[in-house]
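A short worksheet on the structure shown next.
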Amino acid sequence: MPLLQLVPVSSAWHSQLTRLRSALLDEAGTIPGGSWLEKYPDPQAWQAFVERNRNPGTVDPGLVPFEQWLVCLRDGPLVGVFGLRLALNDYLAQYGGHIGYSIVPDARGCGYGTEALRLGIERARQLGMERLLVTCDAQNIASERIIQKNGGLLENTVRRPDGVEVRRYWIAC
């Protein structure tokens, strides 16, 4: 498997980001780990949102500070997005967790999700985080396997207000 890297959001990736956004929205209508990418058709506006919300002093009301990364093959195309929340609010502590990620449909099944999560855990370790809450919908078997391959230990399953069952895993950094 080609090695992946997490790269910062920048204008160099805007054209690929537009294609990635479309592919993910066409499939699911949402982008887990995309830090509201679905709300920003303009990559430049989304980049400004990401940069503003990285710093606790400028984070939007109701959000927590986060780091946003693009997942790409080394010397290759963009294949996904990865978000690392640096804190949890009540909703995230119950249903959302520290981490979100999405891999484009045509790049799934290649181990990219597993590797992206591994890289994200490594980044969390660098930031001094000791453990991470990672969640997935109970019906998302692929994501569940990715979390388990990265050492996730199931704490419980909860039901979100919209009725979806969510599995809550903890991963030691």
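Ordering of the structure tokens sets the chain letters (A, B, ...); residue numbers start at 1 within each chain; ligands are numbered from 1 in the order shown.
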Contacts of stretch 3-89 of chain A with stretch 128-137 of chain A up to 10 Å, shortest pair per row, only C-alpha atoms, as JSON lines:
```
{"residue": "A:Pro32", "atom": "CA", "partner": "A:Cys136", "partner_atom": "CA", "distance": 9.6}
{"residue": "A:Leu84", "atom": "CA", "partner": "A:Leu132", "partner_atom": "CA", "distance": 9.5}
{"residue": "A:Arg85", "atom": "CA", "partner": "A:Leu132", "partner_atom": "CA", "distance": 9.5}
{"residue": "A:Leu86", "atom": "CA", "partner": "A:Met129", "partner_atom": "CA", "distance": 8.3}
{"residue": "A:Ala87", "atom": "CA", "partner": "A:Met129", "partner_atom": "CA", "distance": 9.8}
{"residue": "A:Leu88", "atom": "CA", "partner": "A:Leu133", "partner_atom": "CA", "distance": 9.2}
```
* For A:Leu70, please output as JSON, numbers by chain all residues within 8 Å (counting only C-alpha atoms; exclusion window: fewer than 3 positions along the same chain). => {"A": [6, 7, 8, 9, 78, 79, 80, 81, 82]}
Store the residues of this selection in a file with C-alpha atoms, as a PDB file, in the first residue's frame.
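To be explicit, this is the file written out as again34.pdb:
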```
ATOM      1  CA  LEU A   6      -1.727  14.185   6.450  1.00  0.00           C
ATOM      2  CA  VAL A   7      -1.226  17.621   4.915  1.00  0.00           C
ATOM      3  CA  PRO A   8      -2.557  20.992   6.056  1.00  0.00           C
ATOM      4  CA  VAL A   9      -5.447  22.573   4.196  1.00  0.00           C
ATOM      5  CA  LEU A  78      -6.101  13.620  -2.237  1.00  0.00           C
ATOM      6  CA  VAL A  79      -8.082  10.632  -0.930  1.00  0.00           C
ATOM      7  CA  GLY A  80      -9.760  11.931   2.204  1.00  0.00           C
ATOM      8  CA  VAL A  81     -10.093  14.318   5.123  1.00  0.00           C
ATOM      9  CA  PHE A  82      -9.172  13.933   8.773  1.00  0.00           C
TER      10      PHE A  82
END
```
* To do: Tell me, as number ranges by chain, which residues lie within 8 Å of stretch 53-63 of chain A, counting only C-alpha atoms; anything in the same chain fewer than 4 positions away does not count.
  => A: 49, 67, 89
Surrounding residues of stretch 108-116 of chain A excluding itself and chain neighbours under 6 positions, 10 Å, only C-alpha atoms, as a short mmCIF file (atom, residue, chain, number, x, y, z; two decimals) with all heavy atoms, in the first residue's frame:
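Now in result_18.cif:
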```cif
data_model
loop_
_atom_site.label_atom_id
_atom_site.label_comp_id
_atom_site.auth_asym_id
_atom_site.auth_seq_id
_atom_site.Cartn_x
_atom_site.Cartn_y
_atom_site.Cartn_z
N MET A 1 0.84 -1.18 0.00
CA MET A 1 0.00 0.00 0.00
C MET A 1 0.89 1.24 0.00
O MET A 1 1.81 1.34 0.81
CB MET A 1 -0.89 0.00 1.24
CG MET A 1 -1.71 1.24 1.39
SD MET A 1 -2.74 1.26 2.87
CE MET A 1 -1.55 1.78 4.07
N PRO A 2 0.61 2.21 -0.89
CA PRO A 2 1.37 3.45 -0.85
C PRO A 2 1.18 4.15 0.49
O PRO A 2 0.10 4.07 1.09
CB PRO A 2 0.76 4.28 -1.98
CG PRO A 2 0.02 3.32 -2.83
CD PRO A 2 -0.36 2.17 -1.95
N LEU A 3 2.20 4.81 0.93
CA LEU A 3 2.10 5.53 2.19
C LEU A 3 1.24 6.77 2.05
O LEU A 3 1.22 7.42 1.01
CB LEU A 3 3.49 5.92 2.67
CG LEU A 3 4.41 4.76 3.03
CD1 LEU A 3 5.78 5.29 3.42
CD2 LEU A 3 3.83 3.96 4.18
N LEU A 4 0.54 7.07 3.09
CA LEU A 4 -0.29 8.27 3.15
C LEU A 4 0.43 9.33 3.95
O LEU A 4 1.33 9.06 4.72
CB LEU A 4 -1.61 7.98 3.87
CG LEU A 4 -2.62 7.08 3.21
CD1 LEU A 4 -3.86 6.98 4.09
CD2 LEU A 4 -2.99 7.56 1.84
N GLN A 5 -0.06 10.54 3.78
CA GLN A 5 0.37 11.63 4.64
C GLN A 5 -0.81 12.52 4.95
O GLN A 5 -1.77 12.58 4.18
CB GLN A 5 1.50 12.42 4.01
CG GLN A 5 1.19 13.02 2.66
CD GLN A 5 2.38 13.71 2.05
OE1 GLN A 5 3.38 13.94 2.71
NE2 GLN A 5 2.30 14.05 0.79
N LEU A 6 -0.76 13.17 6.09
CA LEU A 6 -1.73 14.18 6.45
C LEU A 6 -1.09 15.52 6.12
O LEU A 6 0.02 15.80 6.58
CB LEU A 6 -2.07 14.12 7.94
CG LEU A 6 -2.68 12.82 8.46
CD1 LEU A 6 -2.96 12.94 9.96
CD2 LEU A 6 -3.95 12.45 7.71
N TRP A 69 -6.94 18.14 8.59
CA TRP A 69 -5.91 17.65 7.68
C TRP A 69 -6.56 17.08 6.43
O TRP A 69 -7.69 16.60 6.47
CB TRP A 69 -5.09 16.55 8.37
CG TRP A 69 -4.43 17.03 9.62
CD1 TRP A 69 -4.92 16.96 10.89
CD2 TRP A 69 -3.17 17.68 9.72
NE1 TRP A 69 -4.05 17.53 11.78
CE2 TRP A 69 -2.96 17.97 11.08
CE3 TRP A 69 -2.21 18.04 8.80
CZ2 TRP A 69 -1.81 18.61 11.54
CZ3 TRP A 69 -1.06 18.67 9.25
CH2 TRP A 69 -0.87 18.95 10.61
N LEU A 70 -5.81 17.10 5.36
CA LEU A 70 -6.19 16.42 4.13
C LEU A 70 -5.38 15.14 4.07
O LEU A 70 -4.20 15.12 4.45
CB LEU A 70 -5.91 17.30 2.91
CG LEU A 70 -6.59 18.67 2.94
CD1 LEU A 70 -6.15 19.50 1.74
CD2 LEU A 70 -8.10 18.52 2.98
N VAL A 71 -5.99 14.08 3.63
CA VAL A 71 -5.33 12.77 3.52
C VAL A 71 -4.96 12.57 2.06
O VAL A 71 -5.83 12.62 1.18
CB VAL A 71 -6.27 11.63 3.99
CG1 VAL A 71 -5.56 10.29 3.89
CG2 VAL A 71 -6.78 11.89 5.40
N CYS A 72 -3.68 12.39 1.81
CA CYS A 72 -3.27 12.18 0.41
C CYS A 72 -2.21 11.09 0.35
O CYS A 72 -1.52 10.80 1.33
CB CYS A 72 -2.78 13.47 -0.23
SG CYS A 72 -1.25 14.10 0.41
N LEU A 73 -2.12 10.50 -0.82
CA LEU A 73 -1.05 9.55 -1.08
C LEU A 73 0.24 10.34 -1.22
O LEU A 73 0.23 11.46 -1.73
CB LEU A 73 -1.33 8.77 -2.38
CG LEU A 73 -2.62 7.97 -2.42
CD1 LEU A 73 -2.81 7.37 -3.80
CD2 LEU A 73 -2.61 6.88 -1.36
N VAL A 79 -7.15 11.76 -1.05
CA VAL A 79 -8.08 10.63 -0.93
C VAL A 79 -9.03 10.76 0.25
O VAL A 79 -9.92 9.93 0.42
CB VAL A 79 -7.34 9.27 -0.85
CG1 VAL A 79 -6.58 8.99 -2.13
CG2 VAL A 79 -6.44 9.19 0.37
N GLY A 80 -8.87 11.80 1.07
CA GLY A 80 -9.76 11.93 2.20
C GLY A 80 -9.50 13.16 3.05
O GLY A 80 -8.66 14.00 2.71
N VAL A 81 -10.24 13.24 4.14
CA VAL A 81 -10.09 14.32 5.12
C VAL A 81 -10.01 13.70 6.51
O VAL A 81 -10.52 12.60 6.75
CB VAL A 81 -11.26 15.33 5.06
CG1 VAL A 81 -11.21 16.15 3.80
CG2 VAL A 81 -12.61 14.64 5.21
N PHE A 82 -9.36 14.42 7.41
CA PHE A 82 -9.17 13.93 8.77
C PHE A 82 -9.25 15.13 9.72
O PHE A 82 -8.53 16.11 9.54
CB PHE A 82 -7.81 13.25 8.92
CG PHE A 82 -7.60 12.66 10.28
CD1 PHE A 82 -7.95 11.35 10.53
CD2 PHE A 82 -7.09 13.42 11.32
CE1 PHE A 82 -7.78 10.79 11.79
CE2 PHE A 82 -6.93 12.88 12.58
CZ PHE A 82 -7.27 11.56 12.81
N TYR A 101 -13.09 11.16 10.15
CA TYR A 101 -12.36 10.99 8.90
C TYR A 101 -13.29 10.45 7.84
O TYR A 101 -14.29 9.80 8.13
CB TYR A 101 -11.15 10.06 9.07
CG TYR A 101 -11.51 8.72 9.66
CD1 TYR A 101 -11.87 7.64 8.86
CD2 TYR A 101 -11.49 8.52 11.04
CE1 TYR A 101 -12.22 6.42 9.41
CE2 TYR A 101 -11.84 7.31 11.60
CZ TYR A 101 -12.20 6.26 10.77
OH TYR A 101 -12.55 5.05 11.33
N SER A 102 -12.95 10.76 6.60
CA SER A 102 -13.67 10.22 5.45
C SER A 102 -12.67 9.93 4.35
O SER A 102 -11.75 10.72 4.11
CB SER A 102 -14.69 11.24 4.90
OG SER A 102 -15.78 11.38 5.75
N GLU A 122 -1.03 9.40 16.01
CA GLU A 122 0.36 9.86 16.17
C GLU A 122 0.39 11.37 16.39
O GLU A 122 1.12 11.86 17.25
CB GLU A 122 1.15 9.48 14.92
CG GLU A 122 2.62 9.79 14.99
CD GLU A 122 3.32 9.32 13.73
OE1 GLU A 122 3.30 8.11 13.45
OE2 GLU A 122 3.89 10.18 13.02
N ALA A 142 -17.09 -1.06 8.40
CA ALA A 142 -15.74 -0.72 7.93
C ALA A 142 -15.05 0.22 8.92
O ALA A 142 -13.89 0.01 9.28
CB ALA A 142 -15.81 -0.10 6.55
N SER A 143 -15.75 1.24 9.38
CA SER A 143 -15.16 2.18 10.33
C SER A 143 -14.87 1.49 11.66
O SER A 143 -13.85 1.74 12.29
CB SER A 143 -16.08 3.38 10.53
OG SER A 143 -15.42 4.39 11.25
N ARG A 145 -14.03 -1.58 12.11
CA ARG A 145 -12.79 -2.37 11.93
C ARG A 145 -11.56 -1.47 11.95
O ARG A 145 -10.53 -1.85 12.51
CB ARG A 145 -12.86 -3.17 10.64
CG ARG A 145 -13.81 -4.32 10.71
CD ARG A 145 -13.81 -5.13 9.44
NE ARG A 145 -14.79 -6.19 9.51
CZ ARG A 145 -15.53 -6.60 8.50
NH1 ARG A 145 -15.39 -6.05 7.31
NH2 ARG A 145 -16.41 -7.57 8.66
N ILE A 146 -11.65 -0.33 11.31
CA ILE A 146 -10.53 0.63 11.30
C ILE A 146 -10.18 1.03 12.73
O ILE A 146 -9.01 1.04 13.12
CB ILE A 146 -10.88 1.86 10.45
CG1 ILE A 146 -10.90 1.48 8.96
CG2 ILE A 146 -9.92 3.01 10.71
CD1 ILE A 146 -11.51 2.54 8.06
N ILE A 147 -11.19 1.36 13.51
CA ILE A 147 -10.97 1.77 14.91
C ILE A 147 -10.35 0.62 15.70
O ILE A 147 -9.39 0.80 16.45
CB ILE A 147 -12.29 2.24 15.54
CG1 ILE A 147 -12.80 3.50 14.84
CG2 ILE A 147 -12.13 2.47 17.04
CD1 ILE A 147 -14.24 3.87 15.15
N GLN A 148 -10.87 -0.59 15.53
CA GLN A 148 -10.34 -1.75 16.25
C GLN A 148 -8.90 -2.05 15.85
O GLN A 148 -8.07 -2.39 16.70
CB GLN A 148 -11.24 -2.96 16.02
CG GLN A 148 -12.59 -2.82 16.69
CD GLN A 148 -13.58 -3.89 16.26
OE1 GLN A 148 -13.37 -4.62 15.31
NE2 GLN A 148 -14.70 -3.95 16.97
N LYS A 149 -8.58 -1.92 14.57
CA LYS A 149 -7.20 -2.16 14.10
C LYS A 149 -6.22 -1.17 14.71
O LYS A 149 -5.03 -1.45 14.80
CB LYS A 149 -7.12 -2.06 12.58
CG LYS A 149 -7.70 -3.25 11.85
CD LYS A 149 -7.59 -3.06 10.35
CE LYS A 149 -8.26 -4.19 9.61
NZ LYS A 149 -8.22 -3.98 8.14
N ASN A 150 -6.73 -0.02 15.12
CA ASN A 150 -5.88 1.00 15.74
C ASN A 150 -5.95 0.97 17.26
O ASN A 150 -5.59 1.94 17.92
CB ASN A 150 -6.25 2.38 15.20
CG ASN A 150 -5.58 2.69 13.89
OD1 ASN A 150 -4.39 3.00 13.85
ND2 ASN A 150 -6.32 2.56 12.79
#
```
* To do: Identify, on the basis of only C-alpha atoms, every residue whose closest approach to A:Arg160 does not exceed 12 Å; exclude the query and any residue fewer than 2 positions from it along the same chain; express the result as a ChimeraX atom specification.
  => /A:91-96,135-138,157-158,162-168
* Given only C-alpha atoms as the counted atoms, nearest of A:Arg52, A:Gly120, A:Trp170, A:Leu17 to A:Asn156 ->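 Ranked by minimum distance to A:Asn156, first place goes to A:Trp170.
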* Asked: How would you write, as a VMD selection string, the set of residues in stretch 39-172 of chain A that DSSP gives as helix (DSSP H, G or I)?
  -> chain A and resid 39 43 to 52 90 to 96 105 to 107 112 to 126 141 to 149
* To do: Using only C-alpha atoms, determine which residues lie at most 10 Å from A:Leu25, disregarding the query and same-chain residues fewer than 4 positions distant; provide the list as JSON, numbers by chain.
  => {"A": [19, 20, 21, 29, 30, 31, 37, 38, 104]}
* Asked: Counting only C-alpha atoms, what is within 9 Å of A:His14, bar same-chain residues fewer than 6 positions away, as a list in words?
  ->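 Those residues are Asp42, Pro43 and Gln44 of chain A.
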* To do: Taking the DSSP assignment computed from this structure's backbone, write out as a PyMOL selection string all residues of stretch 5-172 of chain A that belong to strand (DSSP E).
  => chain A and resi 5-8+66-73+78-85+99-103+131-137+153-159+165-172
How would the residues just picked look written out with C-alpha atoms as a short mmCIF file (atom, residue, chain, number, x, y, z; two decimals), in the first residue's frame?
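Result file follows (selection29.cif):
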```cif
data_model
loop_
_atom_site.label_atom_id
_atom_site.label_comp_id
_atom_site.auth_asym_id
_atom_site.auth_seq_id
_atom_site.Cartn_x
_atom_site.Cartn_y
_atom_site.Cartn_z
CA GLN A 5 0.37 11.63 4.64
CA LEU A 6 -1.73 14.18 6.45
CA VAL A 7 -1.23 17.62 4.91
CA PRO A 8 -2.56 20.99 6.06
CA PHE A 66 -9.62 21.38 16.04
CA GLU A 67 -6.92 20.54 13.56
CA GLN A 68 -8.02 19.69 10.05
CA TRP A 69 -5.91 17.65 7.68
CA LEU A 70 -6.19 16.42 4.13
CA VAL A 71 -5.33 12.77 3.52
CA CYS A 72 -3.27 12.18 0.41
CA LEU A 73 -1.05 9.55 -1.08
CA LEU A 78 -6.10 13.62 -2.24
CA VAL A 79 -8.08 10.63 -0.93
CA GLY A 80 -9.76 11.93 2.20
CA VAL A 81 -10.09 14.32 5.12
CA PHE A 82 -9.17 13.93 8.77
CA GLY A 83 -10.24 16.09 11.72
CA LEU A 84 -8.77 16.01 15.23
CA ARG A 85 -10.77 17.81 17.89
CA ILE A 99 -11.65 12.17 15.58
CA GLY A 100 -13.52 12.14 12.32
CA TYR A 101 -12.36 10.99 8.90
CA SER A 102 -13.67 10.22 5.45
CA ILE A 103 -12.08 8.45 2.51
CA ARG A 131 -6.44 8.96 24.93
CA LEU A 132 -8.98 9.59 22.25
CA LEU A 133 -12.68 8.96 21.94
CA VAL A 134 -13.50 7.68 18.46
CA THR A 135 -17.07 6.92 17.45
CA CYS A 136 -18.83 5.37 14.50
CA ASP A 137 -22.38 4.54 13.54
CA LEU A 153 -11.64 -0.55 22.92
CA LEU A 154 -15.42 -0.46 22.88
CA GLU A 155 -16.87 1.38 25.87
CA ASN A 156 -20.54 1.27 24.92
CA THR A 157 -23.21 1.91 22.32
CA VAL A 158 -25.49 4.94 22.66
CA ARG A 159 -28.40 6.32 20.67
CA GLU A 165 -26.88 3.97 17.31
CA VAL A 166 -23.27 5.04 17.86
CA ARG A 167 -20.40 2.87 19.10
CA ARG A 168 -17.95 4.65 21.41
CA TYR A 169 -14.32 3.49 21.43
CA TRP A 170 -11.30 4.69 23.37
CA ILE A 171 -7.80 4.59 21.91
CA ALA A 172 -4.68 5.12 24.01
#
```
